[in-house]
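Here is the file upload-v4.txt (compact mmCIF, C-alpha atoms).
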# COMPACT_ATOMS: atom_id res chain seq x y z
CA MET A 1 -10.56 15.60 143.55
CA LYS A 2 -7.57 15.11 141.24
CA ASN A 3 -5.50 11.96 141.41
CA ASP A 4 -2.22 12.29 143.28
CA LYS A 5 0.44 11.43 140.70
CA LYS A 6 2.79 10.16 143.41
CA SER A 7 0.26 7.72 144.80
CA LYS A 8 -0.82 6.23 141.49
CA LYS A 9 1.41 4.58 138.93
CA ILE A 10 0.73 5.88 135.43
CA ASN A 11 0.96 3.20 132.76
CA ASN A 12 -0.95 3.91 129.56
CA ILE A 13 -1.30 7.44 128.22
CA ALA A 14 -2.61 9.10 125.08
CA ILE A 15 -1.14 12.22 123.51
CA MET A 16 -3.57 14.89 122.38
CA GLY A 17 -1.42 17.27 120.39
CA GLY A 18 -2.35 20.33 118.40
CA THR A 19 -2.04 24.06 118.10
CA PHE A 20 -5.10 24.58 120.36
CA ASP A 21 -5.51 28.14 119.11
CA PRO A 22 -7.83 28.09 120.97
CA ILE A 23 -8.80 24.75 122.51
CA HIS A 24 -12.51 24.08 122.03
CA ASN A 25 -15.27 21.66 122.95
CA GLY A 26 -14.50 19.55 119.87
CA HIS A 27 -11.05 18.79 121.27
CA LEU A 28 -12.55 17.88 124.63
CA ASN A 29 -15.17 15.71 122.94
CA VAL A 30 -12.44 13.75 121.15
CA ALA A 31 -10.44 13.28 124.36
CA ILE A 32 -13.49 12.13 126.34
CA SER A 33 -14.38 9.62 123.61
CA VAL A 34 -10.82 8.26 123.55
CA LEU A 35 -10.73 7.95 127.34
CA ASP A 36 -14.04 6.09 127.24
CA LYS A 37 -12.92 3.57 124.60
CA PHE A 38 -9.32 2.82 125.61
CA ASP A 39 -7.58 1.57 128.73
CA LEU A 40 -5.86 4.81 129.68
CA ASP A 41 -4.60 6.34 132.87
CA LYS A 42 -4.19 9.79 131.42
CA ILE A 43 -4.57 11.94 128.32
CA LEU A 44 -1.75 14.42 127.92
CA PHE A 45 -2.67 17.64 126.10
CA ILE A 46 0.45 19.02 124.42
CA PRO A 47 0.12 22.44 122.76
CA ALA A 48 2.46 22.67 119.76
CA GLY A 49 5.68 24.63 119.96
CA THR A 50 7.56 25.81 116.88
CA SER A 51 6.30 23.51 114.14
CA PRO A 52 8.52 22.48 111.19
CA PHE A 53 5.39 22.71 108.99
CA LYS A 54 3.73 25.99 109.99
CA ASN A 55 4.92 29.59 110.02
CA ASN A 56 4.32 31.57 113.23
CA SER A 57 3.23 28.34 114.96
CA ASP A 58 4.70 29.51 118.26
CA LYS A 59 2.39 32.53 118.33
CA ASN A 60 0.33 32.89 121.53
CA LYS A 61 2.05 29.79 122.94
CA GLU A 62 1.76 30.85 126.59
CA HIS A 63 -1.88 31.82 126.08
CA ARG A 64 -2.58 28.54 124.27
CA TYR A 65 -1.06 26.54 127.12
CA ASN A 66 -3.01 28.54 129.71
CA MET A 67 -6.29 28.01 127.85
CA VAL A 68 -5.66 24.26 127.63
CA SER A 69 -4.96 24.15 131.38
CA ILE A 70 -8.18 26.04 132.08
CA ALA A 71 -10.29 23.91 129.74
CA ILE A 72 -9.20 20.56 131.22
CA SER A 73 -8.99 21.60 134.86
CA LYS A 74 -12.17 19.73 135.88
CA PHE A 75 -11.07 16.41 134.35
CA ASP A 76 -9.08 14.14 136.66
CA ASN A 77 -7.48 12.14 133.84
CA PHE A 78 -6.48 15.09 131.66
CA GLU A 79 -3.18 16.92 132.04
CA ALA A 80 -1.57 19.82 130.17
CA SER A 81 2.10 19.62 129.21
CA ASP A 82 4.40 22.48 128.21
CA ILE A 83 7.01 20.05 126.89
CA GLU A 84 6.84 21.50 123.36
CA ILE A 85 6.19 25.19 123.94
CA LYS A 86 9.22 25.48 126.24
CA ARG A 87 11.50 23.66 123.80
CA LYS A 88 13.93 25.92 121.97
CA GLY A 89 13.98 25.77 118.20
CA ILE A 90 11.92 23.48 115.98
CA SER A 91 9.75 21.05 117.95
CA PHE A 92 9.73 17.56 116.45
CA THR A 93 7.25 14.89 117.54
CA ILE A 94 10.01 12.27 117.80
CA ASP A 95 11.76 14.40 120.45
CA THR A 96 8.54 14.67 122.43
CA ILE A 97 7.97 10.91 122.30
CA ASN A 98 11.55 10.22 123.37
CA GLU A 99 11.15 12.52 126.38
CA LEU A 100 7.83 10.95 127.37
CA ARG A 101 9.31 7.46 127.08
CA LYS A 102 11.68 8.33 129.93
CA GLU A 103 8.71 9.04 132.21
CA TYR A 104 6.03 6.60 131.02
CA THR A 105 6.75 2.88 130.62
CA GLY A 106 3.33 1.71 129.41
CA LYS A 107 1.65 2.19 126.06
CA ILE A 108 1.67 5.59 124.43
CA TYR A 109 -1.24 6.25 122.09
CA PHE A 110 -1.04 9.06 119.57
CA ILE A 111 -4.42 10.67 118.78
CA LEU A 112 -4.48 11.75 115.17
CA GLY A 113 -7.08 13.69 113.17
CA PHE A 114 -7.47 13.68 109.40
CA ASP A 115 -5.82 17.06 108.93
CA VAL A 116 -2.58 15.61 110.29
CA LEU A 117 -2.95 12.12 108.85
CA HIS A 118 -2.35 13.36 105.30
CA ASP A 119 1.03 14.79 106.39
CA ILE A 120 2.15 11.94 108.63
CA TYR A 121 5.05 10.96 106.37
CA LYS A 122 6.49 14.45 106.68
CA PHE A 123 7.21 13.78 110.36
CA LYS A 124 10.86 13.43 111.29
CA ASN A 125 11.83 9.76 111.90
CA ILE A 126 8.24 8.63 111.41
CA ASN A 127 9.17 4.93 111.30
CA ASP A 128 10.67 5.25 114.77
CA ILE A 129 7.46 6.88 115.98
CA PHE A 130 5.51 3.92 114.54
CA LYS A 131 7.56 1.62 116.80
CA MET A 132 7.08 3.73 119.93
CA CYS A 133 3.36 4.55 119.73
CA GLU A 134 0.00 3.15 118.74
CA PHE A 135 -2.24 5.46 116.75
CA ILE A 136 -5.87 6.36 117.39
CA LEU A 137 -7.28 7.73 114.14
CA VAL A 138 -10.27 9.89 114.92
CA ASN A 139 -13.07 10.40 112.42
CA ARG A 140 -14.96 13.54 113.45
CA PHE A 141 -16.84 14.73 110.38
CA ASN A 142 -17.73 11.50 108.55
CA GLU A 143 -14.52 11.94 106.58
CA VAL A 144 -13.18 9.28 104.25
CA TYR A 145 -9.98 7.66 105.46
CA PRO A 146 -7.14 8.16 102.94
CA LYS A 147 -6.63 4.50 102.05
CA ASN A 148 -3.20 4.98 100.53
CA VAL A 149 -1.83 6.60 103.70
CA ILE A 150 -3.44 3.94 105.90
CA ASN A 151 -1.96 1.15 103.79
CA PHE A 152 1.52 2.68 103.92
CA MET A 153 1.29 3.06 107.70
CA LYS A 154 0.24 -0.56 108.15
CA LYS A 155 2.99 -1.73 105.82
CA ASP A 156 5.52 0.20 107.89
CA GLY A 157 4.37 -1.50 111.09
CA ALA A 158 2.11 1.15 112.60
CA ILE A 159 -0.55 -0.17 114.99
CA LEU A 160 -3.79 1.62 114.15
CA HIS A 161 -7.07 1.99 116.01
CA PHE A 162 -10.08 3.66 114.42
CA LEU A 163 -12.54 5.74 116.40
CA LYS A 164 -15.63 7.43 115.03
CA ILE A 165 -17.14 9.99 117.35
CA PRO A 166 -20.36 12.04 117.17
CA ASN A 167 -20.25 14.71 114.51
CA PHE A 168 -19.30 17.99 116.16
CA GLU A 169 -18.30 20.32 113.34
CA ILE A 170 -16.20 23.05 114.86
CA SER A 171 -12.75 24.47 114.25
CA SER A 172 -10.39 26.91 115.92
CA THR A 173 -10.44 28.95 112.69
CA GLN A 174 -14.21 29.30 112.96
CA ILE A 175 -13.87 30.50 116.55
CA ARG A 176 -11.26 33.11 115.61
CA GLU A 177 -13.49 34.25 112.76
CA ASN A 178 -16.42 34.65 115.18
CA ILE A 179 -14.27 36.72 117.54
CA GLU A 180 -13.12 38.98 114.68
CA ARG A 181 -16.75 39.47 113.65
CA GLU A 182 -17.77 39.98 117.31
CA LYS A 183 -20.05 36.96 117.25
CA SER A 184 -20.62 34.64 120.21
CA ILE A 185 -18.31 31.67 120.83
CA ASN A 186 -20.00 30.39 124.00
CA ILE A 187 -21.26 27.18 122.36
CA PHE A 188 -17.77 26.37 121.07
CA VAL A 189 -15.47 26.78 124.09
CA PRO A 190 -15.73 26.30 127.87
CA LYS A 191 -16.96 29.42 129.65
CA LYS A 192 -13.64 30.02 131.43
CA VAL A 193 -11.76 29.83 128.13
CA GLU A 194 -14.11 32.43 126.65
CA GLU A 195 -13.49 34.64 129.68
CA TYR A 196 -9.73 34.22 129.26
CA ILE A 197 -9.91 35.19 125.58
CA LYS A 198 -11.90 38.34 126.42
CA LYS A 199 -9.61 39.26 129.32
CA HIS A 200 -6.48 39.10 127.16
CA ASN A 201 -8.19 40.46 124.03
CA LEU A 202 -7.02 37.51 121.93
CA TYR A 203 -7.77 37.06 118.22
CA LYS A 204 -8.70 40.70 117.80
CA GLU A 205 -5.99 41.52 115.31
CA ASP A 206 -6.83 44.66 113.41
CA ILE A 207 -5.80 43.97 109.83
CA LYS A 208 -4.62 47.31 108.49
CA PHE A 209 -4.82 47.33 104.74
CA ASP A 210 -5.13 50.32 102.44
CA PHE A 211 -7.42 48.92 99.76
CA GLU A 212 -7.66 52.14 97.74
CA ASN A 213 -3.88 52.54 97.57
CA VAL A 214 -3.47 48.92 96.46
CA LYS A 215 -6.18 49.27 93.82
CA ASN A 216 -4.52 52.40 92.44
CA HIS A 217 -1.18 50.60 92.29
CA LEU A 218 -2.72 47.56 90.57
CA LYS A 219 -4.16 49.86 87.89
CA LYS A 220 -0.59 50.88 87.04
CA ILE A 221 1.03 47.42 86.97
CA LEU A 222 -1.77 45.34 85.44
CA SER A 223 -3.46 45.48 82.08
CA LYS A 224 -7.02 46.77 82.01
CA LYS A 225 -8.36 43.24 81.42
CA ARG A 226 -6.34 41.73 84.28
CA TYR A 227 -7.34 44.57 86.64
CA GLU A 228 -11.02 44.01 85.85
CA HIS A 229 -10.50 40.28 86.52
CA VAL A 230 -9.03 41.08 89.94
CA LEU A 231 -12.02 43.28 90.83
CA GLY A 232 -14.33 40.50 89.62
CA VAL A 233 -12.55 37.99 91.88
CA CYS A 234 -12.91 40.44 94.78
CA ASP A 235 -16.68 40.74 94.25
CA CYS A 236 -17.09 36.98 93.89
CA ALA A 237 -14.87 36.17 96.91
CA ILE A 238 -16.79 38.57 99.14
CA SER A 239 -20.07 37.05 97.99
CA LEU A 240 -18.84 33.51 98.71
CA ALA A 241 -17.44 34.63 102.09
CA LYS A 242 -20.87 35.96 103.02
CA ASN A 243 -22.45 32.70 101.85
CA TYR A 244 -20.13 30.57 103.97
CA LYS A 245 -20.01 33.06 106.84
CA ILE A 246 -16.28 33.72 107.00
CA SER A 247 -14.31 36.97 107.10
CA GLU A 248 -15.12 39.15 104.11
CA ILE A 249 -12.08 41.33 104.83
CA LYS A 250 -9.71 38.37 104.55
CA ALA A 251 -11.42 37.25 101.36
CA TYR A 252 -11.07 40.77 99.93
CA ILE A 253 -7.36 41.00 100.79
CA ALA A 254 -6.54 37.58 99.33
CA ALA A 255 -8.57 38.33 96.20
CA ILE A 256 -7.11 41.76 95.50
CA LEU A 257 -3.52 40.49 95.83
CA HIS A 258 -3.88 37.05 94.22
CA ASP A 259 -2.72 38.16 90.73
CA TYR A 260 -0.28 40.85 91.87
CA ALA A 261 2.64 39.14 90.06
CA LYS A 262 0.60 37.72 87.19
CA GLU A 263 2.00 40.00 84.50
CA TYR A 264 5.63 39.96 85.58
CA THR A 265 8.10 39.42 82.76
CA GLU A 266 10.53 36.49 82.96
CA GLU A 267 13.24 38.91 84.08
CA GLU A 268 10.97 40.37 86.77
CA ILE A 269 10.14 36.84 87.93
CA LYS A 270 13.85 36.00 88.31
CA THR A 271 14.47 39.23 90.23
CA ALA A 272 11.45 38.64 92.48
CA CYS A 273 12.46 35.02 93.19
CA PHE A 274 15.85 36.27 94.40
CA LYS A 275 14.43 39.25 96.31
CA TYR A 276 11.75 37.25 98.14
CA ASP A 277 13.82 34.07 98.52
CA TYR A 278 11.37 31.95 96.55
CA LYS A 279 12.73 28.66 95.24
CA PRO A 280 10.22 27.24 92.72
CA ASP A 281 9.83 23.48 92.43
CA TYR A 282 10.18 21.52 89.20
CA PHE A 283 6.52 21.88 88.20
CA VAL A 284 6.59 25.67 88.56
CA ARG A 285 9.91 25.98 86.70
CA GLU A 286 8.35 24.06 83.79
CA ASN A 287 5.23 26.26 83.68
CA ILE A 288 5.78 29.99 83.96
CA GLY A 289 2.07 30.53 84.58
CA LEU A 290 2.41 28.97 88.04
CA TYR A 291 4.94 31.44 89.45
CA HIS A 292 2.58 34.26 90.25
CA GLY A 293 0.65 32.64 93.14
CA PRO A 294 3.61 31.86 95.42
CA LEU A 295 5.33 35.12 94.46
CA ALA A 296 2.20 37.17 95.22
CA ALA A 297 2.02 35.50 98.65
CA LYS A 298 5.66 36.44 99.33
CA ILE A 299 4.98 40.02 98.23
CA ALA A 300 1.82 40.19 100.37
CA ASN A 301 3.86 39.13 103.38
CA LYS A 302 6.98 41.23 102.86
CA ASP A 303 5.66 44.37 101.18
CA PHE A 304 2.11 44.61 102.51
CA GLY A 305 2.72 43.17 105.99
CA ILE A 306 0.14 40.38 105.71
CA GLN A 307 0.91 37.88 108.48
CA ASP A 308 -2.31 35.86 108.38
CA LYS A 309 -1.33 32.38 107.20
CA ASP A 310 -4.78 31.67 105.79
CA ILE A 311 -4.68 34.75 103.54
CA LEU A 312 -1.15 33.95 102.37
CA ASN A 313 -2.07 30.33 101.59
CA ALA A 314 -5.18 31.43 99.70
CA ILE A 315 -3.00 33.64 97.50
CA CYS A 316 -0.24 31.04 97.13
CA TYR A 317 -2.42 28.09 96.09
CA HIS A 318 -5.10 29.89 94.08
CA THR A 319 -3.74 28.41 90.83
CA THR A 320 -2.76 24.86 91.81
CA ALA A 321 -5.17 24.13 94.69
CA ARG A 322 -4.02 21.47 97.18
CA GLU A 323 -5.29 18.89 99.65
CA ASN A 324 -6.89 20.06 102.90
CA MET A 325 -7.54 23.63 101.78
CA SER A 326 -9.12 25.99 104.27
CA LEU A 327 -12.48 27.49 103.40
CA LEU A 328 -10.81 30.79 102.49
CA GLU A 329 -8.39 28.98 100.15
CA LYS A 330 -11.33 27.22 98.50
CA ILE A 331 -13.20 30.48 98.04
CA ILE A 332 -10.28 32.25 96.34
CA TYR A 333 -9.56 29.24 94.13
CA VAL A 334 -13.19 29.07 92.99
CA ALA A 335 -13.68 32.84 92.69
CA ASP A 336 -10.66 33.03 90.38
CA THR A 337 -12.46 30.69 87.97
CA ILE A 338 -16.07 31.82 88.16
CA GLU A 339 -15.88 35.62 88.43
CA ILE A 340 -18.15 37.28 85.90
CA ASN A 341 -15.40 38.45 83.53
CA ARG A 342 -14.61 34.79 82.76
CA GLY A 343 -17.69 34.80 80.55
CA VAL A 344 -20.89 32.78 80.43
CA ASN A 345 -21.27 29.20 79.28
CA GLU A 346 -23.07 26.10 80.46
CA GLU A 347 -20.07 24.61 82.24
CA LEU A 348 -19.15 27.81 84.08
CA ASN A 349 -22.75 28.44 85.08
CA GLU A 350 -22.97 24.96 86.60
CA ILE A 351 -19.77 25.57 88.60
CA ARG A 352 -21.13 28.96 89.74
CA LYS A 353 -24.22 27.23 91.04
CA LEU A 354 -22.20 24.51 92.79
CA ALA A 355 -19.93 27.13 94.37
CA TYR A 356 -22.76 28.29 96.63
CA GLU A 357 -24.20 24.82 97.29
CA ASN A 358 -21.17 22.55 97.65
CA ILE A 359 -17.83 24.27 97.16
CA ASP A 360 -15.93 20.96 97.20
CA LYS A 361 -17.86 19.76 94.15
CA ALA A 362 -17.14 23.06 92.43
CA ILE A 363 -13.43 22.66 93.12
CA LEU A 364 -13.36 19.13 91.72
CA CYS A 365 -15.08 20.31 88.54
CA ILE A 366 -12.51 23.09 88.14
CA LEU A 367 -9.59 20.73 88.80
CA GLU A 368 -10.80 18.25 86.20
CA TYR A 369 -11.42 21.06 83.70
CA THR A 370 -7.97 22.65 84.17
CA PHE A 371 -6.28 19.23 84.08
CA ASN A 372 -7.84 18.38 80.72
CA LYS A 373 -6.96 21.84 79.42
CA SER A 374 -3.32 21.43 80.47
CA ILE A 375 -3.09 18.04 78.79
CA GLN A 376 -4.49 19.49 75.56
CA LYS A 377 -1.89 22.27 75.66
CA GLY A 378 0.93 19.85 76.48
CA GLN A 379 1.60 21.61 79.80
CA ILE A 380 2.78 19.96 83.00
CA TYR A 381 0.06 19.81 85.64
CA HIS A 382 1.31 20.55 89.14
CA VAL A 383 1.44 17.57 91.50
CA LEU A 384 -0.51 19.60 94.08
CA GLY A 385 -3.44 19.76 91.67
CA LEU A 386 -3.23 16.02 90.99
CA LYS A 387 -3.23 15.26 94.72
CA ALA A 388 -6.10 17.70 95.22
CA MET A 389 -8.17 15.87 92.57
CA THR A 390 -7.64 12.54 94.32
CA TYR A 391 -8.41 14.12 97.69
CA PHE A 392 -11.68 15.76 96.60
CA LYS A 393 -12.80 12.61 94.76
CA GLU A 394 -12.30 10.65 97.99
CA ILE A 395 -14.19 13.03 100.26
CA LEU A 396 -17.04 13.38 97.75
CA SER A 397 -17.35 9.65 97.05
CA GLU A 398 -18.99 8.82 100.39

Could you write out this structure as structure tokens?
Amino acid sequence: MKNDKKSKKINNIAIMGGTFDPIHNGHLNVAISVLDKFDLDKILFIPAGTSPFKNNSDKNKEHRYNMVSIAISKFDNFEASDIEIKRKGISFTIDTINELRKEYTGKIYFILGFDVLHDIYKFKNINDIFKMCEFILVNRFNEVYPKNVINFMKKDGAILHFLKIPNFEISSTQIRENIEREKSINIFVPKKVEEYIKKHNLYKEDIKFDFENVKNHLKKILSKKRYEHVLGVCDCAISLAKNYKISEIKAYIAAILHDYAKEYTEEEIKTACFKYDYKPDYFVRENIGLYHGPLAAKIANKDFGIQDKDILNAICYHTTARENMSLLEKIIYVADTIEINRGVNEELNEIRKLAYENIDKAILCILEYTFNKSIQKGQIYHVLGLKAMTYFKEILSE
């Protein structure tokens, strides 16, 4: 039977935040491990509202909250909170902590995974959060802690606890992919959550995309060589998607649109930047070859109606790469380099082999190759690529 909140004083709590789209057994595994290791009265599951970092983050918010409530219903010390999804406008973590501080007087622990840890200094008033919470840094996949971030957090007074839990490699993206491909998800989510997803037909978005029309249009706006490159990237991306068991349709869409703006003239680039409200950073302004990825993503969204964030990111970052890329982003980045029209040489053949065995190693090889090439040409290398090199070296050094 659940604890009566009125009869028991709640002192120490932990916040389990996230999109939870959907919540899965990995989330529950983390929460159970935290509850087992720390002196807590309750773990508060807080589905994210409108995030300052993610587009369309408030999508399915009522469904996400309902699924969290269903998933944790049998745990006495777990509670779902709608504090963020009912908040109007952008939902900042500092506002959530301030609200919780009015209700809870004991310690507040903030459970943090690696995907968020890299962006911790983007949080509004992060130094105030450091003073109000202690952090539980969860290592789920034998990841390497980013030492520079950890050192900065410690220097700024953050109290950190480290928790390694049994490897349970699962993601909400993988679950959504399985649903799209009509594959089972029963080993990933509680049975009642699976039933809820089926009842409300969630994650069954039908991506309508006229491939033939797009191909015909690309023939008109791209040179023959560039068009053949795009088709080569499509073939390679689909092959890699099959290898890594993710959506081939998404890989195809990202691949066919990735170089849409590649052959724009400088005047066309200026016009497109204004039309699609794209404000390039310093690195892009100094290297005209970097415009086409972000612009193609804007065009894919506005002109072709692509809403899927993963597809848009794969298009956007296919030239620079970045830290914490999704598998689809990695596939498009690699496919752009290794497609057959790029030619045949010893270095490329080695990367092609790595692409199917360890895509992270393939990415690091490409990053190092393009960095050296940029230096030789006297070009500025985008900071995203530099950070990506450091990131992939860290995760591959273990």

Inset, instruction - Counting all atoms listed in the file, note down every residue that has an atom within 6 Å of the point (0.0, 36.3, 102.9) (file coordinates), as a VMD selection string. - result: chain A and resid 297 300 to 301 306 to 309 311 to 312

Legend entry - Selected residue, from A:His217, A:Lys373, A:Lys353, A:Arg64, that lies nearest to His200 of chain A when counting only C-alpha atoms: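 Closest residue, counting only C-alpha atoms: A:Arg64.
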
Inset, instruction - Rounded to one decimal place, report the atom CA of Pro294 of chain A-atom CA of Ile269 of chain A distance in Å. - result: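 Taking atom CA of Pro294 of chain A as the start and atom CA of Ile269 of chain A as the end point, the length is 11.1 Å.
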
Inset, instruction - Return the single residue from A:Val144, A:Ile94, A:Ala261, A:Ile253 that is closest to Lys131 of chain A, with distances computed using all atoms listed in the file. - result: A:Ile94

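Across the model, the gap from atom CA of Phe38 of chain A to atom CA of Asn77 of chain A is 12.6 Å.
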
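Close contacts of Leu386 of chain A, defined as residues with an atom at most 9 Å away when counting only C-alpha atoms, with chain neighbours fewer than 3 positions off set aside, comprise Thr320, Arg322, Leu367, Phe371, Tyr381, His382, Val383, Met389, Thr390 and Tyr391 of chain A.
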
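For the choices A:Leu327, A:Asn186, A:Arg285, A:His292, the atom-to-atom distance to Ala241 of chain A is smallest for A:Leu327 when using only C-alpha atoms.
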
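You can rank A:Gly232, A:Gly305, A:Gly49, A:Pro190 by their closest distance to Gly89 of chain A using only C-alpha atoms, and at the top of that list sits A:Gly49.
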
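For the set A:Asn12, A:Asn287, A:Thr271, A:Glu368, the residue with the smallest atom-to-atom gap to Lys393 of chain A is A:Glu368, counting all atoms listed in the file.
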
Inset, instruction - Find the residues near Ala80 of chain A: any atom within 12 Å, counting only C-alpha atoms, skip ones fewer than 2 places away on the same chain, and give them as a ChimeraX atom specification. - result: /A:14-18,20,23,42-48,64-73,75-78,82-85

Output, as AutoDock Vina command-line options, the centre and edge lengths in Å (one decimal) of the axis-aligned box that contains all listed atoms of segment 126-129 of chain A with 4 Å of margin on each side.
--center_x 9.1 --center_y 6.8 --center_z 113.6 --size_x 11.2 --size_y 11.7 --size_z 12.7

Inset, instruction - Would you list the residues near (-13.9, 36.4, 97.4), meaning any protein, DNA or RNA residue with an atom at most 10 Å from that point in file coordinates, counting all atoms listed in the file, as a PyMOL selection string? - result: chain A and resi 231-242+247-256+328-336+339

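Minimum distance to His24 of chain A across A:Glu177, A:Glu194, A:Asp277, A:Asp360 (counting all atoms listed in the file) occurs at A:Glu194.
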
Legend entry - Pairwise distance for atom CA of Ile351 of chain A and atom CA of Ile338 of chain A, rounded to one decimal in Å: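 About the pair atom CA of Ile351 of chain A and atom CA of Ile338 of chain A: they are 7.3 Å apart.
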
Legend entry - Residue contacts of Phe130 of chain A (7 Å, only C-alpha atoms) excluding same-chain residues fewer than 3 positions away, as a list in words: Ile126, Asn127, Cys133, Glu134, Gly157 and Ala158 of chain A

Dump as a CSV table (one decimal), in the frame of the given file, selection limited to C-alpha atoms:
chain,number,residue,atom,x,y,z
A,126,ILE,CA,8.2,8.6,111.4
A,127,ASN,CA,9.2,4.9,111.3
A,133,CYS,CA,3.4,4.6,119.7
A,134,GLU,CA,0.0,3.2,118.7
A,157,GLY,CA,4.4,-1.5,111.1
A,158,ALA,CA,2.1,1.2,112.6
